[in-house]
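Enquirer: Below you'll find target36.cif; it's mmCIF, C-alpha atoms.
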```cif
data_start
loop_
_atom_site.label_atom_id
_atom_site.label_comp_id
_atom_site.auth_asym_id
_atom_site.auth_seq_id
_atom_site.Cartn_x
_atom_site.Cartn_y
_atom_site.Cartn_z
CA MET A 1247 1.09 -3.78 -42.84
CA LYS A 1248 -0.57 -5.48 -45.82
CA THR A 1249 1.58 -7.27 -48.35
CA CYS A 1250 1.28 -6.99 -52.11
CA LEU A 1251 2.98 -9.29 -54.57
CA VAL A 1252 3.84 -7.52 -57.80
CA VAL A 1253 4.13 -9.95 -60.70
CA ASP A 1254 5.56 -8.46 -63.88
CA ASP A 1255 8.45 -9.40 -66.15
CA SER A 1256 9.30 -5.73 -66.67
CA ARG A 1257 11.70 -4.37 -64.09
CA VAL A 1258 10.49 -0.85 -64.87
CA VAL A 1259 6.83 -1.69 -64.20
CA ARG A 1260 7.77 -3.48 -60.98
CA LYS A 1261 9.69 -0.43 -59.84
CA VAL A 1262 6.85 1.98 -60.64
CA ALA A 1263 4.30 -0.32 -59.00
CA ARG A 1264 6.49 -0.69 -55.91
CA ARG A 1265 6.72 3.05 -55.46
CA ILE A 1266 2.95 3.51 -55.81
CA LEU A 1267 2.11 0.62 -53.49
CA GLU A 1268 4.61 1.65 -50.80
CA ASN A 1269 2.93 5.04 -50.81
CA LEU A 1270 -0.31 3.20 -50.12
CA ASP A 1271 1.39 1.51 -47.14
CA PHE A 1272 1.91 -1.91 -48.66
CA GLU A 1273 4.90 -4.11 -48.09
CA VAL A 1274 5.90 -5.10 -51.62
CA ILE A 1275 7.25 -8.44 -52.80
CA GLU A 1276 8.25 -8.94 -56.44
CA ALA A 1277 8.02 -11.89 -58.81
CA VAL A 1278 9.14 -11.98 -62.45
CA ASP A 1279 6.51 -14.39 -63.79
CA GLY A 1280 3.66 -16.69 -62.79
CA ALA A 1281 5.87 -19.61 -61.82
CA ASP A 1282 7.97 -17.39 -59.58
CA ALA A 1283 4.81 -15.88 -58.08
CA LEU A 1284 3.32 -19.28 -57.30
CA ILE A 1285 6.44 -20.20 -55.31
CA VAL A 1286 6.11 -16.98 -53.31
CA CYS A 1287 2.41 -17.63 -52.62
CA ARG A 1288 3.08 -21.20 -51.47
CA GLY A 1289 5.49 -19.72 -48.93
CA ALA A 1290 3.04 -17.11 -47.62
CA MET A 1291 -0.16 -15.81 -49.16
CA PRO A 1292 0.04 -12.04 -49.75
CA ASP A 1293 -3.00 -9.83 -49.10
CA ALA A 1294 -2.94 -8.58 -52.68
CA VAL A 1295 -1.48 -9.49 -56.05
CA LEU A 1296 -0.89 -6.96 -58.82
CA LEU A 1297 -0.67 -9.20 -61.84
CA ASP A 1298 0.63 -8.73 -65.38
CA TRP A 1299 -0.82 -10.92 -68.11
CA HIS A 1300 1.92 -11.73 -70.63
CA MET A 1301 5.04 -13.16 -69.04
CA PRO A 1302 7.50 -15.97 -69.84
CA LEU A 1303 7.21 -19.41 -68.20
CA MET A 1304 3.72 -18.87 -66.77
CA ASP A 1305 1.38 -16.06 -67.77
CA GLY A 1306 -0.88 -14.16 -65.40
CA LEU A 1307 -4.08 -15.97 -66.32
CA GLU A 1308 -2.55 -19.39 -65.78
CA PHE A 1309 -1.05 -18.24 -62.48
CA LEU A 1310 -4.42 -16.92 -61.32
CA LYS A 1311 -6.23 -20.18 -62.14
CA ARG A 1312 -3.61 -22.18 -60.25
CA LEU A 1313 -3.53 -19.74 -57.34
CA ARG A 1314 -7.28 -20.08 -56.80
CA GLN A 1315 -6.85 -23.87 -56.49
CA GLU A 1316 -4.12 -23.62 -53.84
CA PRO A 1317 -4.97 -23.93 -50.13
CA HIS A 1318 -5.99 -20.38 -49.04
CA GLY A 1319 -5.51 -19.33 -52.65
CA ASP A 1320 -8.90 -17.61 -52.53
CA GLN A 1321 -7.61 -15.12 -49.95
CA PRO A 1322 -5.49 -12.67 -51.92
CA ALA A 1323 -7.31 -9.95 -53.80
CA VAL A 1324 -5.98 -10.11 -57.33
CA VAL A 1325 -5.81 -6.97 -59.44
CA PHE A 1326 -4.85 -7.63 -63.02
CA CYS A 1327 -2.65 -5.00 -64.62
CA SER A 1328 -2.28 -5.51 -68.32
CA ALA A 1329 -2.20 -3.89 -71.72
CA GLU A 1330 -4.91 -6.38 -72.73
CA ASN A 1331 -7.68 -3.78 -73.00
CA LYS A 1332 -10.37 -5.69 -74.88
CA ALA A 1333 -13.64 -6.30 -73.07
CA ASP A 1334 -13.56 -10.03 -73.87
CA ARG A 1335 -10.08 -10.49 -72.44
CA ILE A 1336 -10.96 -8.51 -69.32
CA ARG A 1337 -14.04 -10.70 -68.83
CA GLU A 1338 -11.84 -13.78 -69.16
CA ALA A 1339 -9.59 -12.51 -66.37
CA LEU A 1340 -12.57 -11.80 -64.09
CA ASP A 1341 -14.04 -15.23 -64.81
CA ALA A 1342 -10.71 -16.75 -63.77
CA GLY A 1343 -11.04 -15.07 -60.36
CA ALA A 1344 -9.59 -11.57 -60.68
CA ASP A 1345 -11.14 -8.99 -58.35
CA GLU A 1346 -10.27 -5.86 -60.30
CA TYR A 1347 -8.55 -4.94 -63.53
CA ILE A 1348 -6.19 -2.12 -64.44
CA MET A 1349 -5.60 -1.29 -68.08
CA LYS A 1350 -2.06 -0.15 -68.83
CA PRO A 1351 -0.83 2.52 -68.87
CA PHE A 1352 -1.75 3.35 -65.29
CA ASP A 1353 -0.86 5.86 -62.61
CA GLY A 1354 -0.95 6.04 -58.84
CA GLU A 1355 -4.48 7.40 -58.73
CA ILE A 1356 -5.81 4.46 -60.75
CA VAL A 1357 -4.00 1.90 -58.58
CA ALA A 1358 -5.40 3.53 -55.44
CA ALA A 1359 -8.93 3.57 -56.86
CA LYS A 1360 -8.78 -0.05 -58.02
CA PHE A 1361 -7.32 -1.29 -54.75
CA GLY A 1362 -10.14 0.57 -53.03
CA GLU A 1363 -12.66 -1.24 -55.21
CA ALA A 1364 -11.00 -4.55 -54.32
CA GLY A 1365 -11.45 -3.74 -50.62
CA LEU A 1366 -7.72 -3.42 -49.97
CA LEU A 1367 -7.58 0.14 -48.62
CA MET M 1170 0.31 37.57 -67.48
CA ASN M 1171 0.15 41.11 -66.10
CA ALA M 1172 -1.93 42.05 -63.07
CA PRO M 1173 -4.56 44.18 -64.88
CA ASP M 1174 -5.23 41.34 -67.34
CA LEU M 1175 -5.55 38.86 -64.52
CA ASP M 1176 -7.91 41.09 -62.56
CA PHE M 1177 -10.01 41.74 -65.64
CA LEU M 1178 -10.26 38.04 -66.33
CA CYS M 1179 -11.13 37.08 -62.76
CA ALA M 1180 -13.86 39.72 -62.68
CA LEU M 1181 -15.26 38.48 -65.99
CA VAL M 1182 -15.31 34.85 -64.84
CA ARG M 1183 -16.90 35.79 -61.55
CA ALA M 1184 -19.61 37.87 -63.21
CA ARG M 1185 -20.41 35.25 -65.86
CA SER M 1186 -20.13 32.01 -63.92
CA GLY M 1187 -20.05 32.86 -60.22
CA LEU M 1188 -16.66 31.17 -60.01
CA MET M 1189 -14.15 32.91 -57.79
CA LEU M 1190 -10.58 32.12 -58.74
CA THR M 1191 -8.21 31.80 -55.78
CA GLY M 1192 -4.69 30.58 -55.09
CA GLU M 1193 -2.25 30.51 -58.01
CA ARG M 1194 -4.59 32.42 -60.28
CA GLY M 1195 -2.02 33.38 -62.90
CA PHE M 1196 -0.79 29.83 -63.36
CA PHE M 1197 -4.31 28.44 -63.45
CA VAL M 1198 -5.47 30.96 -66.04
CA GLU M 1199 -2.41 30.34 -68.24
CA THR M 1200 -2.87 26.54 -68.22
CA ARG M 1201 -6.56 26.85 -69.03
CA LEU M 1202 -6.24 29.50 -71.73
CA ALA M 1203 -3.09 28.32 -73.53
CA PRO M 1204 -4.95 25.50 -75.35
CA LEU M 1205 -7.73 27.95 -76.20
CA ALA M 1206 -5.20 30.42 -77.66
CA ARG M 1207 -3.72 27.64 -79.83
CA ARG M 1208 -7.15 26.56 -80.99
CA GLU M 1209 -8.08 30.11 -81.93
CA GLY M 1210 -4.77 30.67 -83.73
CA LEU M 1211 -3.75 33.45 -81.33
CA ALA M 1212 -0.11 33.95 -80.39
CA SER M 1213 -0.55 34.12 -76.62
CA VAL M 1214 -2.93 34.20 -73.70
CA SER M 1215 -2.46 37.97 -73.55
CA GLU M 1216 -3.77 38.20 -77.07
CA VAL M 1217 -6.84 36.17 -76.07
CA ILE M 1218 -7.52 38.61 -73.27
CA ALA M 1219 -6.96 41.63 -75.55
CA GLN M 1220 -9.66 40.29 -77.87
CA VAL M 1221 -12.03 39.55 -75.02
CA ARG M 1222 -11.59 43.12 -73.79
CA GLN M 1223 -12.72 44.36 -77.19
CA GLN M 1224 -15.72 42.04 -77.37
CA PRO M 1225 -16.69 41.09 -73.84
CA SER M 1226 -19.97 39.59 -75.04
CA GLY M 1227 -18.50 37.64 -77.92
CA ALA M 1228 -18.02 33.94 -78.47
CA LEU M 1229 -14.39 34.09 -77.38
CA ALA M 1230 -15.37 35.59 -74.03
CA ARG M 1231 -17.83 32.78 -73.54
CA ALA M 1232 -15.17 30.19 -74.43
CA VAL M 1233 -12.78 31.81 -71.95
CA VAL M 1234 -15.32 31.61 -69.13
CA GLU M 1235 -16.17 28.02 -69.98
CA ALA M 1236 -12.49 27.03 -70.02
CA MET M 1237 -12.22 28.18 -66.41
CA THR M 1238 -15.14 26.20 -65.10
CA ILE M 1239 -14.39 22.64 -65.96
CA GLN M 1240 -12.64 20.39 -63.47
CA GLU M 1241 -11.39 16.84 -63.51
CA THR M 1242 -13.72 14.39 -61.89
CA ALA M 1243 -14.36 10.69 -61.55
CA PHE M 1244 -17.16 8.19 -61.80
CA PHE M 1245 -18.77 7.45 -58.42
CA ARG M 1246 -16.82 10.29 -56.84
CA ASP M 1247 -17.04 9.68 -53.06
CA ARG M 1248 -17.87 6.02 -53.33
CA GLN M 1249 -19.61 5.81 -49.96
CA ALA M 1250 -21.98 8.61 -50.88
CA PHE M 1251 -23.02 6.74 -54.01
CA ALA M 1252 -23.32 3.52 -52.04
CA ALA M 1253 -25.75 5.32 -49.71
CA LEU M 1254 -27.73 6.68 -52.66
CA SER M 1255 -28.17 3.19 -53.93
CA ALA M 1256 -28.81 1.49 -50.58
CA THR M 1257 -31.10 3.98 -48.85
CA VAL M 1258 -31.64 7.40 -50.41
CA LEU M 1259 -33.12 6.40 -53.77
CA PRO M 1260 -35.23 3.51 -52.40
CA ALA M 1261 -36.66 5.82 -49.72
CA LEU M 1262 -37.50 8.51 -52.26
CA ALA M 1263 -39.00 5.90 -54.57
CA ALA M 1264 -41.22 4.50 -51.82
CA ASP M 1265 -43.12 7.81 -51.81
CA LYS M 1266 -43.08 8.34 -55.55
CA GLN M 1267 -44.33 5.31 -57.39
CA GLN M 1268 -45.07 7.45 -60.45
CA GLY M 1269 -41.37 8.07 -60.93
CA LEU M 1270 -38.42 10.11 -59.70
CA ARG M 1271 -36.74 13.18 -61.09
CA VAL M 1272 -33.04 13.71 -60.55
CA TRP M 1273 -30.87 16.66 -61.58
CA SER M 1274 -27.10 16.62 -61.89
CA ALA M 1275 -26.23 20.35 -61.77
CA GLY M 1276 -22.76 21.19 -63.02
CA CYS M 1277 -22.36 17.79 -64.61
CA GLY M 1278 -19.02 18.48 -66.35
CA HIS M 1279 -18.07 15.58 -68.59
CA GLY M 1280 -21.03 13.53 -67.43
CA GLN M 1281 -19.44 11.05 -65.03
CA GLU M 1282 -21.85 11.96 -62.24
CA ALA M 1283 -24.97 11.62 -64.39
CA TYR M 1284 -23.84 8.26 -65.77
CA SER M 1285 -22.86 7.06 -62.29
CA LEU M 1286 -26.42 7.82 -61.22
CA ALA M 1287 -27.81 6.04 -64.25
CA MET M 1288 -25.72 2.97 -63.40
CA VAL M 1289 -26.87 3.01 -59.78
CA ILE M 1290 -30.46 3.10 -61.00
CA ASP M 1291 -29.90 0.37 -63.59
CA ASP M 1292 -28.13 -1.90 -61.10
CA ALA M 1293 -30.62 -1.35 -58.25
CA GLU M 1294 -31.34 -4.58 -56.38
CA ARG M 1295 -35.01 -3.75 -56.15
CA PRO M 1296 -36.10 -2.07 -59.35
CA LEU M 1297 -36.83 1.64 -58.97
CA PRO M 1298 -39.73 3.38 -60.66
CA ALA M 1299 -38.90 5.35 -63.80
CA VAL M 1300 -36.15 7.88 -63.08
CA GLU M 1301 -35.69 10.95 -65.21
CA ILE M 1302 -32.14 12.34 -65.12
CA LEU M 1303 -31.43 15.90 -66.16
CA ALA M 1304 -27.75 16.86 -66.42
CA SER M 1305 -26.75 20.48 -66.91
CA ASP M 1306 -23.53 22.39 -67.30
CA LEU M 1307 -22.34 25.80 -68.39
CA ASN M 1308 -19.62 24.36 -70.62
CA SER M 1309 -20.97 23.36 -74.01
CA ALA M 1310 -17.83 21.43 -75.02
CA ALA M 1311 -18.06 19.39 -71.83
CA LEU M 1312 -21.75 18.75 -72.48
CA GLU M 1313 -21.01 17.57 -75.98
CA LYS M 1314 -18.48 15.08 -74.68
CA ALA M 1315 -20.84 14.00 -71.92
CA GLN M 1316 -23.61 13.38 -74.40
CA SER M 1317 -21.32 11.34 -76.67
CA GLY M 1318 -20.56 9.10 -73.69
CA VAL M 1319 -17.04 8.40 -74.98
CA TYR M 1320 -14.25 8.18 -72.43
CA THR M 1321 -10.55 7.31 -72.53
CA HIS M 1322 -8.91 4.36 -70.78
CA PHE M 1323 -7.74 6.78 -68.12
CA GLU M 1324 -11.18 8.28 -67.55
CA VAL M 1325 -12.98 4.95 -67.21
CA GLN M 1326 -10.45 3.91 -64.60
CA ARG M 1327 -11.24 6.85 -62.35
CA GLY M 1328 -13.76 5.47 -59.91
CA LEU M 1329 -15.48 2.99 -62.19
CA PRO M 1330 -15.35 -0.64 -60.98
CA ILE M 1331 -14.31 -3.00 -63.75
CA ARG M 1332 -17.55 -5.01 -63.68
CA ARG M 1333 -19.58 -1.88 -64.18
CA LEU M 1334 -17.33 -0.90 -67.07
CA LEU M 1335 -18.02 -4.24 -68.76
CA ARG M 1336 -21.74 -4.10 -68.03
CA HIS M 1337 -22.43 -0.54 -69.11
CA PHE M 1338 -19.82 0.40 -71.71
CA GLU M 1339 -18.97 -0.65 -75.23
CA ASP M 1340 -15.36 -1.31 -76.11
CA LEU M 1341 -14.36 0.98 -79.02
CA GLU M 1342 -10.72 -0.15 -79.30
CA GLU M 1343 -9.02 3.03 -78.06
CA THR M 1344 -11.93 4.36 -76.01
CA TRP M 1345 -15.09 3.21 -74.24
CA ARG M 1346 -18.64 4.39 -74.88
CA VAL M 1347 -21.55 4.37 -72.47
CA SER M 1348 -24.20 1.89 -73.63
CA PRO M 1349 -27.14 3.30 -75.62
CA ALA M 1350 -29.53 2.20 -72.87
CA LEU M 1351 -27.70 4.26 -70.30
CA ARG M 1352 -27.25 7.25 -72.59
CA GLN M 1353 -31.00 7.30 -73.19
CA ARG M 1354 -31.58 7.75 -69.49
CA VAL M 1355 -29.98 11.20 -69.41
CA ARG M 1356 -31.22 14.50 -70.83
CA TRP M 1357 -28.53 17.17 -71.27
CA MET M 1358 -28.99 20.90 -71.02
CA ARG M 1359 -26.72 23.94 -71.16
CA LEU M 1360 -27.43 25.99 -68.09
CA ASN M 1361 -25.58 28.71 -66.23
CA LEU M 1362 -26.40 28.24 -62.56
CA ILE M 1363 -26.02 31.95 -61.81
CA ASP M 1364 -28.51 33.05 -64.45
CA PRO M 1365 -32.06 33.18 -63.14
CA PHE M 1366 -32.54 29.73 -64.51
CA GLN M 1367 -35.63 28.11 -65.76
CA VAL M 1368 -35.64 24.47 -64.76
CA GLU M 1369 -38.82 22.80 -63.83
CA THR M 1370 -39.32 22.37 -60.11
CA GLY M 1371 -40.17 19.12 -58.40
CA TYR M 1372 -36.77 17.41 -58.38
CA ASP M 1373 -36.58 14.59 -55.85
CA LEU M 1374 -32.80 14.59 -55.81
CA ILE M 1375 -30.42 17.34 -56.87
CA LEU M 1376 -26.69 16.74 -57.08
CA CYS M 1377 -24.60 19.88 -57.08
CA ARG M 1378 -21.21 18.65 -56.10
CA ASN M 1379 -17.98 20.58 -55.82
CA VAL M 1380 -19.61 23.42 -57.72
CA VAL M 1381 -20.83 26.16 -55.39
CA SER M 1382 -17.89 26.01 -52.98
CA ALA M 1383 -15.76 27.61 -55.72
CA PHE M 1384 -18.38 30.33 -56.22
CA ALA M 1385 -18.29 33.87 -54.88
CA PRO M 1386 -20.46 34.08 -51.71
CA ASP M 1387 -23.37 35.92 -53.35
CA ALA M 1388 -23.46 33.51 -56.30
CA ARG M 1389 -23.29 30.55 -53.93
CA LEU M 1390 -26.21 31.74 -51.87
CA ALA M 1391 -28.35 32.56 -54.90
CA THR M 1392 -27.64 29.20 -56.52
CA LEU M 1393 -28.42 27.20 -53.40
CA GLU M 1394 -31.65 29.16 -52.95
CA ARG M 1395 -32.77 28.24 -56.45
CA MET M 1396 -31.82 24.61 -55.81
CA GLU M 1397 -34.05 24.71 -52.76
CA GLN M 1398 -36.91 26.00 -54.92
CA ALA M 1399 -36.35 23.30 -57.52
CA LEU M 1400 -36.43 20.56 -54.89
CA ALA M 1401 -39.68 18.67 -54.40
CA PRO M 1402 -41.15 18.33 -50.89
CA GLY M 1403 -39.17 15.59 -49.16
CA GLY M 1404 -36.42 15.93 -51.74
CA ARG M 1405 -32.71 15.48 -51.12
CA LEU M 1406 -29.75 17.65 -51.99
CA MET M 1407 -26.35 16.04 -52.52
CA LEU M 1408 -23.20 18.16 -52.29
CA GLY M 1409 -19.51 17.36 -52.62
CA ALA M 1410 -17.49 15.79 -49.79
CA GLY M 1411 -16.78 18.41 -47.15
CA GLU M 1412 -19.22 20.99 -48.49
CA PRO M 1413 -21.31 22.33 -45.59
CA ALA M 1414 -25.07 22.09 -45.28
CA PRO M 1415 -26.78 25.12 -46.84
CA ASP M 1416 -29.03 27.27 -44.66
CA GLY M 1417 -32.24 25.44 -43.92
CA PHE M 1418 -30.79 21.97 -44.60
CA GLU M 1419 -29.55 19.19 -42.36
CA PRO M 1420 -27.40 16.14 -43.07
CA VAL M 1421 -29.26 12.88 -43.64
CA ALA M 1422 -28.07 10.20 -41.21
CA GLY M 1423 -26.08 7.42 -42.85
CA ALA M 1424 -25.86 9.18 -46.20
CA PRO M 1425 -22.64 11.18 -46.60
CA CYS M 1426 -22.97 14.44 -48.59
CA VAL M 1427 -26.80 14.17 -48.61
CA PHE M 1428 -29.04 16.83 -47.06
CA ALA M 1429 -32.75 17.30 -46.36
CA ARG M 1430 -34.70 20.45 -45.51
CA SER M 1431 -34.54 21.10 -41.79
CA SER M 1432 -38.30 21.64 -41.79
CA GLU M 1433 -38.66 18.05 -42.95
CA SER M 1434 -36.19 16.58 -40.49
CA GLU M 1435 -38.78 14.27 -38.89
CA ILE M 1436 -38.93 12.54 -42.25
CA VAL M 1437 -35.17 12.11 -42.05
CA ILE M 1438 -35.47 10.36 -38.71
CA ALA M 1439 -38.27 8.16 -39.98
CA ALA M 1440 -36.17 7.18 -43.00
#
```
Represent the structure contained in this file as structure tokens.

Expert:
Amino acid sequence: MKTCLVVDDSRVVRKVARRILENLDFEVIEAVDGADALIVCRGAMPDAVLLDWHMPLMDGLEFLKRLRQEPHGDQPAVVFCSAENKADRIREALDAGADEYIMKPFDGEIVAAKFGEAGLL
Amino acid sequence: MNAPDLDFLCALVRARSGLMLTGERGFFVETRLAPLARREGLASVSEVIAQVRQQPSGALARAVVEAMTIQETAFFRDRQAFAALSATVLPALAADKQQGLRVWSAGCGHGQEAYSLAMVIDDAERPLPAVEILASDLNSAALEKAQSGVYTHFEVQRGLPIRRLLRHFEDLEETWRVSPALRQRVRWMRLNLIDPFQVETGYDLILCRNVVSAFAPDARLATLERMEQALAPGGRLMLGAGEPAPDGFEPVAGAPCVFARSSESEIVIAA
């Protein structure tokens, strides 16, 4: 079973994402911000990361840049999931190493399609 | 909705569009016609039907039929089929047609299929010769939206990879619009597939996906026959996932949903 780390400071979003991802047969791990997520990844790299942008302590972009510098940090497919919907911001996330990008609000169909694009399904 | 109204409506839709409503017909009709009733300032769906009964050739009747035909779709629907178009089908067609290719998206709905094709052509690793894309639909409101090229956040996230969104769309704050370059690639036309239609022949690739399988058998046969006539020698027909090969066609190896004339099957093997 593939693992997906859901990084979001909103408990509601984490819960919704968990339900969608478990339906897609992922084992879901949760982190509340980038710093928390980095600790999880140093323990074991997940197959996928669903990543919010704006979070306390460490935001998603900073987490992603640091993740890609970790040993094996290039392995997880990272799907950003953010209300940042401007083309320039999305480009910034891709340049930092994101594989796909979901604009909030999202639904199960979008997550499935984007994870498919990222080669996760 | 009462049974006579429902039967009347289903017969009208079948006669005008070829579409055969099945399953939860009453529910489907209500959900499609309720917005139309509101827009027309009519109290209920029954009132819409009462008016259509009085003027079966009027504008309202046409709007009713059109409201039944449109379905939700996605960009690059059946990703592997589009991957095959890009990797093998279009390059093979182009190899024989240096003067240019003609492609027809029949039943194009809100335009996602036609624009997906345009993106495939634009992003081709080895440049293709000029490709003319015709996109047709019965539904004029859908065509208008398709031509505008404006899609919501939700729509651009159905099947469209993020890098293609950035490359081919403009960010309009709340929505996204297909780039002018891509929009210029597509010619739009209102066309009812069950009318004896007048499209030019000589199409190298015709996409008619998830359209005829909802048709009544006679309408399906007639439509596929006309597609066959519109297809150039050596041309390819692309249907929706799971739609069977029409009479006289065979699947093309390695290209899901793509068919060639059986009489040309040696070309298939060679390709």

Enquirer: Residues of chain M that have any atom at most 10 Å from an atom of chain A: could you tabulate them with the shortest-distance atom pair and the distance in Å to one decimal, using all atoms listed in the file, ordered by chain and increasing number, as a Markdown table?

Expert:
```
| residue | atom | partner | partner_atom | distance |
| --- | --- | --- | --- | --- |
| M:Arg1248 | CA | A:Glu1363 | CA | 9.1 |
| M:His1322 | CA | A:Met1349 | CA | 7.1 |
| M:Phe1323 | CA | A:Phe1352 | CA | 7.5 |
| M:Glu1324 | CA | A:Ile1356 | CA | 9.5 |
| M:Val1325 | CA | A:Ile1356 | CA | 9.7 |
| M:Gln1326 | CA | A:Ile1356 | CA | 6.1 |
| M:Arg1327 | CA | A:Ile1356 | CA | 6.1 |
| M:Gly1328 | CA | A:Ala1359 | CA | 6.0 |
| M:Leu1329 | CA | A:Lys1360 | CA | 8.5 |
| M:Pro1330 | CA | A:Glu1363 | CA | 6.4 |
| M:Ile1331 | CA | A:Glu1346 | CA | 6.0 |
| M:Arg1332 | CA | A:Glu1346 | CA | 8.1 |
| M:Leu1334 | CA | A:Ala1333 | CA | 8.9 |
| M:Leu1335 | CA | A:Ala1333 | CA | 6.5 |
| M:Arg1336 | CA | A:Ala1333 | CA | 9.8 |
| M:Phe1338 | CA | A:Ala1333 | CA | 9.2 |
| M:Glu1339 | CA | A:Ala1333 | CA | 8.1 |
| M:Asp1340 | CA | A:Ala1333 | CA | 6.1 |
| M:Leu1341 | CA | A:Lys1332 | CA | 8.8 |
| M:Glu1342 | CA | A:Lys1332 | CA | 7.1 |
| M:Glu1343 | CA | A:Asn1331 | CA | 8.6 |
| M:Thr1344 | CA | A:Asn1331 | CA | 9.7 |
| M:Trp1345 | CA | A:Ala1333 | CA | 9.7 |
```

Enquirer: For the atom pair atom CA of M:Gln1268 and atom CA of M:Ala1304, what is the interatomic distance in Å to one decimal place?

Expert: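 Answer for the atom CA of M:Gln1268 to atom CA of M:Ala1304 separation: 20.6 Å.
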
Enquirer: Could you list, as a PDB file with C-alpha atoms, in the coordinates of the input, every residue matched by the PyMOL selection byres ((chain M and resi 1273-1279) around 8) in this structure?

Expert:
```pdb
ATOM      1  CA  ILE M1239     -14.390  22.640 -65.960  1.00  0.00           C
ATOM      2  CA  GLN M1240     -12.640  20.390 -63.470  1.00  0.00           C
ATOM      3  CA  ARG M1271     -36.740  13.180 -61.090  1.00  0.00           C
ATOM      4  CA  VAL M1272     -33.040  13.710 -60.550  1.00  0.00           C
ATOM      5  CA  GLY M1280     -21.030  13.530 -67.430  1.00  0.00           C
ATOM      6  CA  GLN M1281     -19.440  11.050 -65.030  1.00  0.00           C
ATOM      7  CA  GLU M1282     -21.850  11.960 -62.240  1.00  0.00           C
ATOM      8  CA  ALA M1283     -24.970  11.620 -64.390  1.00  0.00           C
ATOM      9  CA  ILE M1302     -32.140  12.340 -65.120  1.00  0.00           C
ATOM     10  CA  LEU M1303     -31.430  15.900 -66.160  1.00  0.00           C
ATOM     11  CA  ALA M1304     -27.750  16.860 -66.420  1.00  0.00           C
ATOM     12  CA  SER M1305     -26.750  20.480 -66.910  1.00  0.00           C
ATOM     13  CA  ASP M1306     -23.530  22.390 -67.300  1.00  0.00           C
ATOM     14  CA  LEU M1307     -22.340  25.800 -68.390  1.00  0.00           C
ATOM     15  CA  ASN M1308     -19.620  24.360 -70.620  1.00  0.00           C
ATOM     16  CA  ALA M1311     -18.060  19.390 -71.830  1.00  0.00           C
ATOM     17  CA  LEU M1312     -21.750  18.750 -72.480  1.00  0.00           C
ATOM     18  CA  LYS M1314     -18.480  15.080 -74.680  1.00  0.00           C
ATOM     19  CA  ALA M1315     -20.840  14.000 -71.920  1.00  0.00           C
ATOM     20  CA  LEU M1362     -26.400  28.240 -62.560  1.00  0.00           C
ATOM     21  CA  TYR M1372     -36.770  17.410 -58.380  1.00  0.00           C
ATOM     22  CA  LEU M1374     -32.800  14.590 -55.810  1.00  0.00           C
ATOM     23  CA  ILE M1375     -30.420  17.340 -56.870  1.00  0.00           C
ATOM     24  CA  LEU M1376     -26.690  16.740 -57.080  1.00  0.00           C
ATOM     25  CA  CYS M1377     -24.600  19.880 -57.080  1.00  0.00           C
ATOM     26  CA  ARG M1378     -21.210  18.650 -56.100  1.00  0.00           C
ATOM     27  CA  VAL M1380     -19.610  23.420 -57.720  1.00  0.00           C
TER      28      VAL M1380
END
```

Enquirer: Could you list, as a PyMOL selection string, every residue within 12 Å of stretch 1265-1277 of chain A, counting only C-alpha atoms and ignoring same-chain residues fewer than 2 positions away?

Expert: chain A and resi 1247-1263+1279-1287+1290-1298+1301-1302+1304-1306+1309+1352-1362+1366-1367

Enquirer: Need to verify the contact set: stretch 1423-1431 of chain M, 6 Å, all atoms listed in the file, exclusion of same-chain residues closer than 4 positions in sequence. Can you return it as a list of chain:residue names?

Expert: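 In the requested form, the answer reads M:Ala1250, M:Ala1253, M:Arg1405, M:Leu1406, M:Met1407, M:Leu1408, M:Ala1410, M:Gly1417, M:Phe1418, M:Glu1419.
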
Enquirer: Starting from the displayed file, determine the output of the PyMOL selection byres ((chain M and resi 1188-1204) around 12) and express the residue list as a ChimeraX atom specification.

Expert: /M:1170-1187,1205-1218,1229-1230,1232-1240,1307,1361-1363,1379-1389,1392

Enquirer: Just the number, please: distance in Å from atom CA of M:Leu1390 to atom CA of M:Asp1373, one decimal.

Expert: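 About the pair atom CA of M:Leu1390 and atom CA of M:Asp1373: they are 20.4 Å apart.
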
Enquirer: Name the closest residue to A:Asp1320 among the candidates A:Leu1303, A:Ala1344, A:Val1278, A:Ala1339; distances are taken between atoms, counting all atoms listed in the file.

Expert: A:Ala1344

Enquirer: Using all atoms listed in the file, find the one residue out of A:Leu1310, A:Ala1323, A:Pro1317, A:Gly1365 that sits nearest to A:Glu1338.

Expert: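 Using all atoms listed in the file, A:Glu1338 sits closest to A:Leu1310.
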
Enquirer: Since I can't run it myself right now, could you work out what the PyMOL selection byres ((chain M and resi 1318) around 6) selects here and report it as a list of chain:residue names?

Expert: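 Going through the file, the PyMOL selection byres ((chain M and resi 1318) around 6) ends up selecting M:Ala1315, M:Gln1316, M:Ser1317, M:Val1319, M:Arg1346, M:Val1347.
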
Enquirer: Enter the distance from atom CA of A:Gln1321 to atom CA of A:Gly1343, in Å, rounded to one decimal.

Expert: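 Taking atom CA of A:Gln1321 as the start and atom CA of A:Gly1343 as the end point, the length is 11.0 Å.
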
Enquirer: Using all atoms listed in the file, can you tell me which of A:Lys1311, A:Arg1264, A:His1300, A:Glu1316 comes closest to A:Arg1288?

Expert: A:Glu1316

Enquirer: Neighbouring residues of M:Gln1267 were defined as those with any atom within 9 Å, considering only C-alpha atoms; residues of the same chain fewer than 4 positions away were excluded. Please report them as JSON, numbers by chain.

Expert: {"M": [1263, 1297, 1298, 1299]}

Enquirer: Would you write out those residues with C-alpha atoms, as a short mmCIF file (atom, residue, chain, number, x, y, z; two decimals), keeping the file's coordinate frame?

Expert:
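Output contents, as saved in result_12.cif:
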```cif
data_model
loop_
_atom_site.label_atom_id
_atom_site.label_comp_id
_atom_site.auth_asym_id
_atom_site.auth_seq_id
_atom_site.Cartn_x
_atom_site.Cartn_y
_atom_site.Cartn_z
CA ALA M 1263 -39.00 5.90 -54.57
CA LEU M 1297 -36.83 1.64 -58.97
CA PRO M 1298 -39.73 3.38 -60.66
CA ALA M 1299 -38.90 5.35 -63.80
#
```
